[in-house]
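Heads up, query-v2.cif below (mmCIF, C-alpha atoms):
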```cif
data_data
loop_
_atom_site.label_atom_id
_atom_site.label_comp_id
_atom_site.auth_asym_id
_atom_site.auth_seq_id
_atom_site.Cartn_x
_atom_site.Cartn_y
_atom_site.Cartn_z
CA MET A 1 -4.25 -1.27 16.96
CA LYS A 2 -3.79 -3.15 20.15
CA LYS A 3 -1.19 -5.84 20.52
CA LEU A 4 -2.08 -9.18 19.04
CA ILE A 5 -0.25 -11.55 21.30
CA SER A 6 2.04 -10.75 24.15
CA GLY A 7 4.74 -12.96 25.51
CA LEU A 8 8.16 -14.26 24.68
CA LEU A 9 8.15 -16.75 21.80
CA ALA A 10 11.26 -18.89 21.44
CA ALA A 11 11.64 -21.91 19.26
CA ALA A 12 14.48 -23.35 17.25
CA MET A 13 12.99 -23.94 13.78
CA LEU A 14 14.36 -26.41 11.26
CA LEU A 15 15.19 -23.74 8.71
CA ALA A 16 18.19 -21.49 9.13
CA PHE A 17 16.31 -18.42 7.92
CA SER A 18 13.26 -18.97 10.11
CA ALA A 19 14.42 -18.75 13.71
CA CYS A 20 11.50 -17.79 15.96
CA GLY A 21 11.30 -14.28 17.34
CA GLY A 22 9.88 -13.21 20.66
CA SER A 23 8.47 -9.71 20.25
CA ASN A 24 4.93 -8.58 20.85
CA ALA A 25 2.62 -7.89 17.93
CA ASN A 26 1.71 -4.31 17.17
CA ASN A 27 -1.31 -4.25 14.92
CA SER A 28 -1.16 -0.60 13.89
CA THR A 29 0.58 -1.24 10.59
CA PRO A 30 -2.11 -1.00 7.89
CA ASN A 31 0.38 0.33 5.36
CA ALA A 32 3.04 -2.28 6.02
CA GLN A 33 4.84 -3.19 2.82
CA SER A 34 6.65 -6.45 2.23
CA ALA A 35 9.35 -6.92 -0.34
CA ALA A 36 8.02 -8.47 -3.53
CA PRO A 37 9.97 -11.44 -4.78
CA GLN A 38 11.54 -11.40 -8.18
CA ALA A 39 9.40 -13.18 -10.72
CA SER A 40 10.32 -16.75 -11.35
CA SER A 41 12.63 -17.07 -14.32
CA GLY A 42 12.11 -20.80 -14.50
CA GLN A 43 15.72 -21.36 -13.46
CA ALA A 44 16.59 -22.80 -10.07
CA SER A 45 18.49 -20.40 -7.88
CA GLY A 46 20.25 -23.07 -5.89
CA GLY A 47 19.16 -21.32 -2.70
CA ASP A 48 21.31 -18.24 -3.32
CA GLN A 49 19.96 -14.84 -2.43
CA SER A 50 20.49 -11.54 -4.16
CA ALA A 51 22.40 -8.68 -2.57
CA GLY A 52 19.08 -7.07 -1.65
CA GLY A 53 18.09 -10.12 0.45
CA GLU A 54 15.51 -11.45 -2.01
CA GLU A 55 15.80 -15.02 -3.19
CA GLU A 56 15.39 -15.32 -6.94
CA GLY A 57 13.08 -17.63 -8.83
CA PHE A 58 11.02 -19.35 -6.15
CA HIS A 59 7.48 -20.67 -6.12
CA ILE A 60 4.73 -20.60 -3.46
CA GLY A 61 2.03 -23.28 -3.36
CA ILE A 62 -1.44 -22.78 -1.84
CA VAL A 63 -3.94 -25.62 -1.33
CA THR A 64 -7.58 -24.85 -0.48
CA GLY A 65 -11.00 -26.40 -0.73
CA SER A 66 -13.25 -25.75 -3.71
CA VAL A 67 -15.43 -22.67 -4.17
CA SER A 68 -18.50 -24.73 -3.19
CA GLN A 69 -17.01 -25.76 0.15
CA SER A 70 -14.59 -22.92 1.03
CA GLU A 71 -15.10 -19.99 -1.29
CA ASP A 72 -13.31 -17.39 0.82
CA ASP A 73 -10.21 -19.58 1.20
CA ARG A 74 -10.08 -20.10 -2.55
CA ARG A 75 -10.63 -16.42 -3.35
CA GLY A 76 -7.81 -15.46 -1.00
CA ALA A 77 -5.47 -17.86 -2.78
CA GLU A 78 -6.55 -16.44 -6.14
CA ALA A 79 -5.98 -12.88 -4.90
CA PHE A 80 -2.45 -13.76 -3.85
CA GLN A 81 -1.83 -15.42 -7.20
CA ALA A 82 -3.16 -12.32 -8.98
CA LYS A 83 -0.73 -10.19 -6.97
CA TYR A 84 2.40 -12.21 -7.81
CA GLY A 85 1.45 -14.08 -10.98
CA GLU A 86 0.67 -17.62 -12.04
CA ASP A 87 4.32 -18.32 -12.81
CA MET A 88 5.23 -17.90 -9.16
CA VAL A 89 2.08 -18.95 -7.28
CA LYS A 90 0.78 -22.48 -7.82
CA LEU A 91 -2.74 -23.34 -6.65
CA ALA A 92 -4.33 -26.71 -5.91
CA ILE A 93 -7.72 -27.90 -4.60
CA TYR A 94 -8.30 -30.89 -2.32
CA PRO A 95 -11.46 -33.00 -2.84
CA ASP A 96 -14.81 -31.78 -1.49
CA ASN A 97 -15.29 -35.20 0.11
CA PHE A 98 -11.87 -35.08 1.73
CA THR A 99 -12.84 -37.44 4.55
CA GLU A 100 -13.47 -40.24 2.04
CA GLU A 101 -10.61 -39.29 -0.28
CA LEU A 102 -7.79 -39.03 2.23
CA GLU A 103 -5.08 -40.36 -0.07
CA THR A 104 -6.09 -37.95 -2.83
CA THR A 105 -5.96 -35.08 -0.36
CA ILE A 106 -2.49 -36.07 0.83
CA GLN A 107 -1.20 -36.52 -2.71
CA THR A 108 -2.64 -33.18 -3.85
CA ILE A 109 -0.57 -31.42 -1.18
CA VAL A 110 2.56 -33.51 -1.68
CA ASN A 111 2.51 -33.05 -5.47
CA LEU A 112 3.38 -29.37 -5.08
CA SER A 113 6.71 -30.34 -3.55
CA ASP A 114 7.79 -31.98 -6.81
CA ASP A 115 8.37 -28.49 -8.20
CA PRO A 116 12.14 -27.83 -7.81
CA LEU A 117 11.47 -24.12 -7.24
CA MET A 118 8.86 -24.68 -4.52
CA LYS A 119 9.88 -22.93 -1.28
CA ALA A 120 6.64 -22.86 0.75
CA ILE A 121 3.31 -24.72 0.78
CA ILE A 122 0.28 -23.28 2.57
CA VAL A 123 -2.85 -25.37 3.20
CA ASN A 124 -6.06 -23.55 4.20
CA GLN A 125 -8.19 -25.09 5.59
CA SER A 126 -5.88 -27.85 6.77
CA VAL A 127 -8.25 -30.79 6.50
CA PRO A 128 -7.42 -34.35 7.64
CA GLY A 129 -4.38 -35.60 5.77
CA THR A 130 -2.46 -32.33 5.95
CA THR A 131 -0.21 -33.53 8.78
CA GLU A 132 0.72 -36.70 6.89
CA ALA A 133 1.30 -34.69 3.71
CA PHE A 134 3.65 -32.32 5.54
CA ARG A 135 5.57 -35.27 7.01
CA LYS A 136 6.03 -36.74 3.54
CA ILE A 137 7.19 -33.40 2.16
CA LYS A 138 9.71 -32.93 4.96
CA GLU A 139 11.18 -36.39 4.33
CA SER A 140 12.33 -35.45 0.85
CA HIS A 141 12.26 -31.64 0.91
CA PRO A 142 13.08 -30.43 4.44
CA ASP A 143 13.78 -26.94 3.11
CA ILE A 144 10.17 -26.34 2.03
CA ILE A 145 8.25 -24.25 4.57
CA CYS A 146 4.98 -26.00 5.50
CA ILE A 147 2.24 -23.72 6.86
CA ALA A 148 -1.20 -24.81 8.05
CA GLY A 149 -4.17 -22.46 8.18
CA GLU A 150 -7.27 -23.41 10.19
CA SER A 151 -6.42 -26.99 10.99
CA HIS A 152 -9.08 -29.70 11.24
CA GLU A 153 -6.52 -31.98 12.89
CA ASP A 154 -5.37 -31.81 16.50
CA LEU A 155 -3.17 -28.76 16.90
CA PRO A 156 -0.33 -30.49 18.80
CA GLU A 157 -0.20 -33.13 16.08
CA ILE A 158 -0.16 -30.81 13.08
CA GLY A 159 2.15 -28.45 14.96
CA SER A 160 4.71 -31.26 15.14
CA ALA A 161 4.76 -31.55 11.34
CA ALA A 162 4.14 -27.97 10.20
CA ASP A 163 6.58 -25.10 10.60
CA LEU A 164 3.71 -22.75 11.44
CA VAL A 165 0.01 -23.15 12.27
CA CYS A 166 -2.57 -20.33 12.50
CA ASN A 167 -6.15 -21.03 13.64
CA ASN A 168 -9.07 -18.92 14.70
CA ASP A 169 -9.09 -18.44 18.46
CA PHE A 170 -11.77 -20.99 19.31
CA VAL A 171 -11.32 -20.48 23.06
CA ALA A 172 -11.64 -16.70 23.24
CA ARG A 173 -14.33 -16.62 20.56
CA GLY A 174 -16.38 -19.24 22.39
CA TYR A 175 -16.71 -16.74 25.21
CA LEU A 176 -16.93 -13.56 23.13
CA ILE A 177 -19.65 -14.79 20.76
CA ILE A 178 -21.90 -15.61 23.72
CA ARG A 179 -21.03 -12.30 25.38
CA THR A 180 -21.97 -10.43 22.20
CA ALA A 181 -25.26 -12.32 21.89
CA HIS A 182 -26.06 -11.39 25.48
CA GLU A 183 -25.26 -7.72 24.81
CA LEU A 184 -27.67 -7.78 21.85
CA GLY A 185 -30.46 -9.08 24.09
CA CYS A 186 -30.45 -12.78 23.18
CA ASP A 187 -31.70 -15.29 25.73
CA THR A 188 -30.88 -18.55 23.88
CA PHE A 189 -27.90 -19.77 21.87
CA VAL A 190 -28.40 -22.56 19.31
CA HIS A 191 -25.27 -24.42 18.18
CA ILE A 192 -25.63 -26.47 14.96
CA SER A 193 -23.09 -29.14 14.01
CA PHE A 194 -22.52 -32.87 13.42
CA PRO A 195 -20.38 -35.65 14.96
CA ARG A 196 -17.34 -35.28 12.66
CA HIS A 197 -16.86 -31.65 13.66
CA MET A 198 -17.58 -32.33 17.31
CA ALA A 199 -14.71 -34.82 17.31
CA TYR A 200 -12.29 -31.94 16.66
CA GLU A 201 -10.66 -30.57 19.79
CA THR A 202 -11.07 -27.00 18.55
CA MET A 203 -14.82 -27.34 18.18
CA SER A 204 -15.53 -29.51 21.21
CA ARG A 205 -13.57 -27.14 23.47
CA ARG A 206 -15.41 -24.16 21.99
CA VAL A 207 -18.76 -25.82 22.78
CA ALA A 208 -17.62 -26.35 26.37
CA VAL A 209 -16.64 -22.67 26.60
CA MET A 210 -19.93 -21.56 25.05
CA LYS A 211 -21.93 -23.65 27.52
CA GLU A 212 -20.09 -22.13 30.47
CA ALA A 213 -20.44 -18.62 29.07
CA CYS A 214 -24.19 -19.13 28.66
CA LYS A 215 -24.36 -20.01 32.35
CA GLU A 216 -22.44 -16.83 33.20
CA PHE A 217 -24.80 -14.65 31.17
CA GLY A 218 -28.02 -16.45 32.10
CA MET A 219 -28.71 -17.83 28.61
CA GLU A 220 -30.00 -21.22 27.50
CA PHE A 221 -27.57 -23.29 25.42
CA VAL A 222 -28.97 -25.73 22.85
CA LEU A 223 -27.22 -28.30 20.65
CA GLU A 224 -28.85 -29.12 17.31
CA THR A 225 -27.53 -31.65 14.79
CA ALA A 226 -27.57 -31.24 11.01
CA PRO A 227 -26.27 -33.52 8.21
CA ASP A 228 -22.56 -33.46 7.39
CA PRO A 229 -22.13 -32.05 3.84
CA THR A 230 -19.32 -34.57 3.22
CA SER A 231 -21.74 -37.46 3.90
CA ASP A 232 -23.96 -39.19 1.36
CA VAL A 233 -26.51 -36.36 1.40
CA GLY A 234 -23.90 -33.97 0.05
CA VAL A 235 -23.95 -30.19 0.23
CA ALA A 236 -27.39 -29.90 -1.35
CA GLY A 237 -28.98 -32.30 1.13
CA ALA A 238 -27.34 -30.62 4.12
CA GLN A 239 -28.52 -27.19 2.98
CA ALA A 240 -32.05 -28.45 2.33
CA TYR A 241 -32.19 -29.74 5.92
CA ILE A 242 -31.28 -26.32 7.32
CA LEU A 243 -33.87 -24.60 5.14
CA GLU A 244 -36.52 -26.96 6.45
CA LYS A 245 -35.55 -26.89 10.13
CA VAL A 246 -35.01 -23.17 10.81
CA PRO A 247 -38.71 -22.23 10.87
CA GLU A 248 -39.25 -25.03 13.39
CA TRP A 249 -36.31 -23.88 15.51
CA VAL A 250 -37.46 -20.25 15.51
CA GLY A 251 -40.89 -21.38 16.63
CA LYS A 252 -39.31 -23.47 19.39
CA TYR A 253 -36.63 -21.08 20.68
CA GLY A 254 -38.14 -17.69 19.88
CA GLU A 255 -36.86 -14.67 17.99
CA LYS A 256 -34.32 -13.76 20.68
CA ALA A 257 -32.26 -16.85 19.96
CA ALA A 258 -28.84 -16.55 18.34
CA TYR A 259 -27.62 -19.27 15.97
CA PHE A 260 -24.18 -20.62 15.13
CA CYS A 261 -23.16 -23.40 12.73
CA THR A 262 -19.77 -25.03 12.38
CA ASN A 263 -19.93 -25.73 8.63
CA ASP A 264 -19.60 -23.23 5.78
CA ALA A 265 -22.20 -24.95 3.62
CA HIS A 266 -24.84 -24.60 6.36
CA THR A 267 -24.29 -20.86 6.70
CA GLU A 268 -26.13 -19.56 3.64
CA PRO A 269 -29.44 -21.38 4.22
CA LEU A 270 -29.29 -20.53 7.93
CA LEU A 271 -28.88 -16.82 7.19
CA LYS A 272 -31.62 -16.87 4.56
CA GLN A 273 -34.16 -18.40 6.92
CA LEU A 274 -33.21 -16.27 9.92
CA LEU A 275 -33.80 -13.16 7.82
CA GLU A 276 -37.21 -14.56 6.91
CA TYR A 277 -38.33 -15.96 10.27
CA GLY A 278 -36.34 -14.01 12.87
CA GLY A 279 -33.31 -14.60 15.07
CA TYR A 280 -29.71 -13.48 15.52
CA PHE A 281 -26.45 -14.50 13.90
CA ILE A 282 -23.34 -13.12 15.62
CA GLU A 283 -20.70 -14.37 13.19
CA ALA A 284 -19.82 -17.42 11.14
CA ASP A 285 -17.47 -20.17 12.21
CA LEU A 286 -14.93 -18.62 9.82
CA PRO A 287 -16.33 -15.10 9.61
CA SER A 288 -16.60 -12.99 6.46
CA PRO A 289 -19.13 -10.67 4.81
CA LEU A 290 -18.87 -13.16 1.92
CA MET A 291 -19.63 -16.19 4.10
CA GLY A 292 -23.22 -17.06 3.21
CA TYR A 293 -24.48 -13.49 2.93
CA PRO A 294 -24.40 -12.93 -0.86
CA GLY A 295 -26.46 -16.06 -1.57
CA ALA A 296 -28.80 -15.54 1.37
CA LEU A 297 -29.42 -11.93 0.36
CA GLY A 298 -29.53 -12.55 -3.38
CA ILE A 299 -26.95 -9.87 -4.17
CA ASP A 300 -24.23 -9.70 -6.82
CA LEU A 301 -20.86 -8.57 -5.53
CA THR A 302 -18.95 -8.89 -8.79
CA ALA A 303 -18.32 -5.16 -9.01
CA GLU A 304 -17.07 -5.07 -5.42
CA ALA A 305 -14.84 -8.15 -5.70
CA GLY A 306 -11.67 -7.82 -3.63
CA ASP A 307 -12.76 -4.59 -1.91
CA PHE A 308 -14.01 -5.61 1.52
CA ASP A 309 -15.04 -2.09 2.51
CA LYS A 310 -17.46 -2.00 -0.43
CA ILE A 311 -18.50 -5.61 0.08
CA LEU A 312 -19.38 -4.99 3.73
CA ALA A 313 -21.26 -1.79 2.87
CA LYS A 314 -23.42 -3.55 0.27
CA VAL A 315 -24.14 -6.54 2.51
CA GLU A 316 -24.97 -4.26 5.42
CA SER A 317 -27.33 -2.01 3.44
CA THR A 318 -29.19 -5.06 2.12
CA ILE A 319 -29.47 -6.52 5.63
CA ALA A 320 -31.01 -3.23 6.81
CA GLU A 321 -33.42 -3.13 3.87
CA LYS A 322 -34.64 -6.62 4.76
CA GLY A 323 -35.23 -5.67 8.39
CA GLY A 324 -32.24 -7.46 9.85
CA ALA A 325 -30.39 -4.45 11.31
CA ASP A 326 -28.58 -5.19 14.59
CA HIS A 327 -29.29 -8.93 14.26
CA PHE A 328 -26.48 -10.06 11.97
CA GLY A 329 -22.72 -9.86 12.37
CA THR A 330 -19.44 -10.73 10.72
CA TRP A 331 -15.76 -9.82 10.59
CA ALA A 332 -15.12 -6.82 8.37
CA TYR A 333 -12.49 -8.81 6.49
CA SER A 334 -12.90 -12.46 5.56
CA TYR A 335 -10.96 -14.77 7.84
CA GLY A 336 -10.59 -17.47 5.19
CA TYR A 337 -9.53 -14.98 2.54
CA THR A 338 -7.06 -13.22 4.83
CA THR A 339 -5.59 -16.47 6.14
CA ALA A 340 -4.96 -17.95 2.69
CA ALA A 341 -3.42 -14.78 1.28
CA GLY A 342 -1.80 -13.56 4.50
CA LEU A 343 0.03 -16.78 5.29
CA ALA A 344 1.32 -16.94 1.72
CA GLN A 345 2.50 -13.33 2.03
CA HIS A 346 4.22 -14.22 5.29
CA ALA A 347 6.04 -17.06 3.56
CA VAL A 348 7.26 -14.68 0.87
CA ASN A 349 8.47 -12.24 3.50
CA VAL A 350 10.34 -15.02 5.31
CA ILE A 351 11.97 -16.29 2.12
CA ASN A 352 13.03 -12.75 1.21
CA GLY A 353 14.65 -12.28 4.61
CA GLU A 354 12.08 -9.64 5.60
CA SER A 355 10.44 -11.65 8.39
CA GLU A 356 10.99 -14.51 10.82
CA LEU A 357 8.71 -17.48 10.51
CA CYS A 358 7.15 -17.52 13.99
CA ASP A 359 7.53 -13.91 14.98
CA ILE A 360 3.95 -12.79 15.64
CA ASP A 361 4.67 -9.18 14.64
CA ASP A 362 5.67 -10.44 11.22
CA ILE A 363 2.62 -12.71 10.95
CA ALA A 364 0.36 -9.77 11.83
CA LYS A 365 2.09 -7.56 9.24
CA ALA A 366 1.40 -10.13 6.52
CA TYR A 367 -2.26 -10.55 7.56
CA GLN A 368 -2.73 -6.80 7.49
CA GLU A 369 -1.67 -6.66 3.86
CA PHE A 370 -5.14 -8.10 3.24
CA SER A 371 -7.07 -6.62 6.20
CA PRO A 372 -5.68 -3.08 6.56
CA LYS A 373 -8.31 -1.73 8.98
CA ALA A 374 -8.70 -4.83 11.10
CA GLU A 375 -8.08 -5.02 14.83
CA TRP A 376 -6.80 -8.43 15.90
CA ASN A 377 -6.17 -10.22 19.15
CA GLY A 378 -5.38 -13.76 20.18
CA SER A 379 -2.96 -16.03 21.99
CA ASN A 380 -0.59 -18.94 21.70
CA TYR A 381 -2.34 -22.29 21.62
CA THR A 382 -2.30 -23.95 25.05
CA ASN A 383 -2.64 -27.72 25.29
CA VAL A 384 -5.47 -28.13 27.80
CA GLU A 385 -4.17 -31.55 28.87
CA THR A 386 -0.58 -30.50 29.61
CA GLY A 387 -0.85 -26.74 30.05
CA VAL A 388 2.05 -26.31 27.62
CA LYS A 389 1.94 -23.41 25.17
CA SER A 390 3.03 -24.06 21.60
CA ASP A 391 5.66 -21.79 20.07
CA ASN A 392 4.59 -22.29 16.46
CA VAL A 393 0.79 -22.47 16.82
CA PHE A 394 -1.19 -19.23 17.07
CA LEU A 395 -4.88 -18.53 17.71
CA VAL A 396 -6.20 -15.24 16.34
CA TYR A 397 -9.48 -13.35 16.05
CA GLN A 398 -10.82 -10.12 14.64
CA ASP A 399 -13.32 -7.71 16.20
CA THR A 400 -17.00 -8.54 15.60
CA TYR A 401 -18.95 -6.12 13.42
CA ILE A 402 -22.74 -6.00 13.86
CA MET A 403 -24.49 -4.74 10.75
CA GLY A 404 -27.14 -2.11 11.29
CA ASN A 405 -28.09 1.41 10.34
CA PRO A 406 -25.40 2.32 11.20
CA GLY A 407 -23.46 -0.78 12.14
CA HIS A 408 -20.78 -0.94 14.80
CA PHE A 409 -17.85 -2.92 16.08
CA MET A 410 -18.47 -4.66 19.39
CA GLY A 411 -14.99 -4.05 20.79
CA SER A 412 -14.45 -7.79 21.23
CA THR A 413 -10.69 -7.55 20.83
CA GLN A 414 -10.54 -5.26 23.86
CA VAL A 415 -12.44 -7.61 26.17
CA GLU A 416 -10.37 -9.61 28.62
CA VAL A 417 -11.53 -13.22 28.50
CA PRO A 418 -11.67 -14.68 32.04
CA GLU A 419 -8.74 -17.01 32.63
CA LYS A 420 -10.95 -19.94 33.63
CA TYR A 421 -12.16 -20.37 30.06
CA PHE A 422 -8.72 -21.34 28.80
CA THR A 423 -8.75 -24.55 30.84
CA ILE A 424 -12.32 -25.64 30.14
CA LYS A 425 -12.63 -28.82 28.11
#
```
As structure tokens, how would this structure be written, given the file I've shared?
Amino acid sequence: MKKLISGLLAAAMLLAFSACGGSNANNSTPNAQSAAPQASSGQASGGDQSAGGEEEGFHIGIVTGSVSQSEDDRRGAEAFQAKYGEDMVKLAIYPDNFTEELETTIQTIVNLSDDPLMKAIIVNQSVPGTTEAFRKIKESHPDIICIAGESHEDLPEIGSAADLVCNNDFVARGYLIIRTAHELGCDTFVHISFPRHMAYETMSRRVAVMKEACKEFGMEFVLETAPDPTSDVGVAGAQAYILEKVPEWVGKYGEKAAYFCTNDAHTEPLLKQLLEYGGYFIEADLPSPLMGYPGALGIDLTAEAGDFDKILAKVESTIAEKGGADHFGTWAYSYGYTTAAGLAQHAVNVINGESELCDIDDIAKAYQEFSPKAEWNGSNYTNVETGVKSDNVFLVYQDTYIMGNPGHFMGSTQVEVPEKYFTIK
């Protein structure tokens, strides 16, 4: 594996056991093992640690969206809970309509801190309200590690409240997704979203990068708008809109157009119609072979649950059978699944004295517990306004896999993204 992020990372963290490290990530550790914590006995340990460096009787909390909104995130949390047990791992779900139920979202996160054995709370995806929830937690429980996965809030803001933030690398991927579409022969790129998402810095900057990359590769860039699933139309209405519009879009932009949507709920109907009418799909906003594909393909993956090698193989073979070979891509391992489980594993490693909180080698090791064959790359988040790099906010991405007969990795993690793209806004 190539190195994930190079550079010296130095930050004084609030917790005595979580001082930031500054080594480079080496991603060739598929068999990395982290120390398992002792099962919670229900008795507070008072913060003492055993002679072996493992703290006794602690709990980990994970907050995700529901299966209908963020299935991969939820499944990752469930996989981590299955690994360590319900006594130790506490799960919670924020409302589907989190934009309208902000106080409920905040309280759902904060409630986990009432547990006297709680040592770390992970939120994935970190929807609006997460920053405020973390601030409230820190006021009364400064010892609880607060970790944000895939933030919907401004990264500098949530980075000021969270101990650690990990997002997909929206800058590098903005370039690499367009580059991959070009390599596959696409001449048009259609970006589908809605105003709420476009107000996020991560998504607006990615659009700016995608537009510039399309110019570089001689492709047309198109913005299309679809209903927000958190609006009055709900998930069903948003999905119905995509089902209706795709045939029209394919007729308008041709079969060499690649499509991208920023919302999970839009993904399944988009894939279903592209398979029917033609077009390309490089990867999802939060890529996974489970993101939209099972429903779009009409396949049951119950027997393959938790085994991403088998999941990918079944999805890929079905894509080929339906004539979609070399038109559809993903990450071999679910980003949402890996983030939810990997960040929780990282917290356990930190609490056990096995890892440092913002040492990128240690973060990579925890991610690879749940993505053993993955190749990762990424960078520290850079504030485009100030040019300042954040010590506790990381942007990561996995190589793109195009499904075919046979399929192949695109080598995206080995491509050097031109420096100019990191300052485009």
Worksheet item: Which residues come within 9 Å of A:Asp72, counting all atoms listed in the file, excluding same-chain residues fewer than 3 positions away, as a PyMOL selection string?
Response: chain A and resi 67+75-77+288+290-291+334-338+340
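The closest residue to A:Gly234, picked from A:Asn111, A:Ser68, A:Ile62, A:Phe221 and counting only C-alpha atoms, is A:Ser68.
Selection result for the displayed file, with the PyMOL selection byres ((chain A and resi 251-255) around 8) as criterion, is Thr188, Pro247, Glu248, Trp249, Val250, Lys256, Ala257, Tyr277, Gly278, Gly279 and Tyr280 of chain A.
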Using all atoms listed in the file, determine which residues lie at most 9 Å from A:Phe98, disregarding the query and same-chain residues fewer than 6 positions distant; provide the list as a PDB file with C-alpha atoms, in the frame of the given file.
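So the final result, stored in result.pdb, reads:
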```
ATOM      1  CA  THR A 104      -6.090 -37.950  -2.830  1.00  0.00           C
ATOM      2  CA  THR A 105      -5.960 -35.080  -0.360  1.00  0.00           C
ATOM      3  CA  VAL A 127      -8.250 -30.790   6.500  1.00  0.00           C
ATOM      4  CA  PRO A 128      -7.420 -34.350   7.640  1.00  0.00           C
ATOM      5  CA  GLY A 129      -4.380 -35.600   5.770  1.00  0.00           C
ATOM      6  CA  THR A 230     -19.320 -34.570   3.220  1.00  0.00           C
TER       7      THR A 230
END
```
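Coordinates place atom CA of A:Glu86 at a distance of 20.0 Å from atom CA of A:Ala366.
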Discussion item. Can you tell me which residues surround stretch 383-394 of chain A at a distance of at most 8 Å, considering all atoms listed in the file, apart from same-chain residues fewer than 3 positions away, and format the answer as a ChimeraX atom specification?
Written reply: /A:9-11,155-156,159,163-167,358,378-380,422-425
Item to complete: Using only C-alpha atoms, determine which residues lie at most 9 Å from A:Gln414, disregarding the query and same-chain residues fewer than 2 positions distant; provide the list as a VMD selection string.
Response: chain A and resid 2 377 399 411 to 412 416
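Of note, atom CA of A:Asp307 and atom CA of A:Tyr333 are spaced 9.4 Å apart.
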Discussion item. Which residues, named as in the file, does the PyMOL selection byres ((chain A and resi 120) around 12) pick out? Answer as number ranges by chain.
Written reply: A: 15, 58-63, 88-91, 109-110, 112-119, 121-123, 134, 137-138, 141-148, 162-164, 343-352, 357
Tell me which residues the PyMOL selection byres ((chain A and resi 207) around 12) grabs here, as an mmCIF file with C-alpha atoms, in the frame of the given file.
```
data_model
loop_
_atom_site.group_PDB
_atom_site.id
_atom_site.type_symbol
_atom_site.label_atom_id
_atom_site.label_comp_id
_atom_site.auth_asym_id
_atom_site.auth_seq_id
_atom_site.Cartn_x
_atom_site.Cartn_y
_atom_site.Cartn_z
ATOM 1 C CA PHE A 170 -11.770 -20.990 19.310
ATOM 2 C CA VAL A 171 -11.320 -20.480 23.060
ATOM 3 C CA ALA A 172 -11.640 -16.700 23.240
ATOM 4 C CA ARG A 173 -14.330 -16.620 20.560
ATOM 5 C CA GLY A 174 -16.380 -19.240 22.390
ATOM 6 C CA TYR A 175 -16.710 -16.740 25.210
ATOM 7 C CA ILE A 177 -19.650 -14.790 20.760
ATOM 8 C CA ILE A 178 -21.900 -15.610 23.720
ATOM 9 C CA PHE A 189 -27.900 -19.770 21.870
ATOM 10 C CA VAL A 190 -28.400 -22.560 19.310
ATOM 11 C CA HIS A 191 -25.270 -24.420 18.180
ATOM 12 C CA ILE A 192 -25.630 -26.470 14.960
ATOM 13 C CA SER A 193 -23.090 -29.140 14.010
ATOM 14 C CA HIS A 197 -16.860 -31.650 13.660
ATOM 15 C CA MET A 198 -17.580 -32.330 17.310
ATOM 16 C CA ALA A 199 -14.710 -34.820 17.310
ATOM 17 C CA TYR A 200 -12.290 -31.940 16.660
ATOM 18 C CA GLU A 201 -10.660 -30.570 19.790
ATOM 19 C CA THR A 202 -11.070 -27.000 18.550
ATOM 20 C CA MET A 203 -14.820 -27.340 18.180
ATOM 21 C CA SER A 204 -15.530 -29.510 21.210
ATOM 22 C CA ARG A 205 -13.570 -27.140 23.470
ATOM 23 C CA ARG A 206 -15.410 -24.160 21.990
ATOM 24 C CA ALA A 208 -17.620 -26.350 26.370
ATOM 25 C CA VAL A 209 -16.640 -22.670 26.600
ATOM 26 C CA MET A 210 -19.930 -21.560 25.050
ATOM 27 C CA LYS A 211 -21.930 -23.650 27.520
ATOM 28 C CA GLU A 212 -20.090 -22.130 30.470
ATOM 29 C CA ALA A 213 -20.440 -18.620 29.070
ATOM 30 C CA CYS A 214 -24.190 -19.130 28.660
ATOM 31 C CA PHE A 221 -27.570 -23.290 25.420
ATOM 32 C CA VAL A 222 -28.970 -25.730 22.850
ATOM 33 C CA LEU A 223 -27.220 -28.300 20.650
ATOM 34 C CA GLU A 224 -28.850 -29.120 17.310
ATOM 35 C CA PHE A 260 -24.180 -20.620 15.130
ATOM 36 C CA CYS A 261 -23.160 -23.400 12.730
ATOM 37 C CA THR A 262 -19.770 -25.030 12.380
ATOM 38 C CA TYR A 421 -12.160 -20.370 30.060
ATOM 39 C CA ILE A 424 -12.320 -25.640 30.140
ATOM 40 C CA LYS A 425 -12.630 -28.820 28.110
#
```
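Nearest to A:His327 of all the residues A:Glu354, A:Glu220, A:Glu100, A:Glu183 is A:Glu183, counting only C-alpha atoms.
For stretch 309-322 of chain A, the list of residues within 9 Å, based on only C-alpha atoms and with local chain neighbours fewer than 5 positions off taken out, reads Leu275, Glu276, Ser288, Pro289, Leu290, Tyr293, Pro294, Leu297, Ile299, Leu301, Glu304, His327, Phe328, Ala332, Tyr333, Ile402, Met403, Gly404, Asn405, Pro406 and Gly407 of chain A.
Residue nearest A:Phe217 within the list A:Gly185, A:Gly237, A:Pro229, A:Gly292: A:Gly185 [criterion: smallest interatomic distance, only C-alpha atoms].
Between A:Ala236 and the candidates A:Gln69, A:Glu103, A:Thr413, A:Phe370, the tightest atom-to-atom separation, counting all atoms listed in the file, involves A:Gln69.
Relative to atom CA of A:Leu243, atom CA of A:Gly295 is found at 13.1 Å.
Considering the residues A:Asp359, A:Ser66, A:Gln398, A:Gly149 and counting all atoms listed in the file, A:Gly342 has its shortest atom-to-atom contact with A:Gly149.
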Discussion item. Considering only C-alpha atoms, can you say which of A:Ala181, A:Ala341, A:Ala238, A:Ala305 comes closest to A:Ile282?
Written reply: A:Ala181
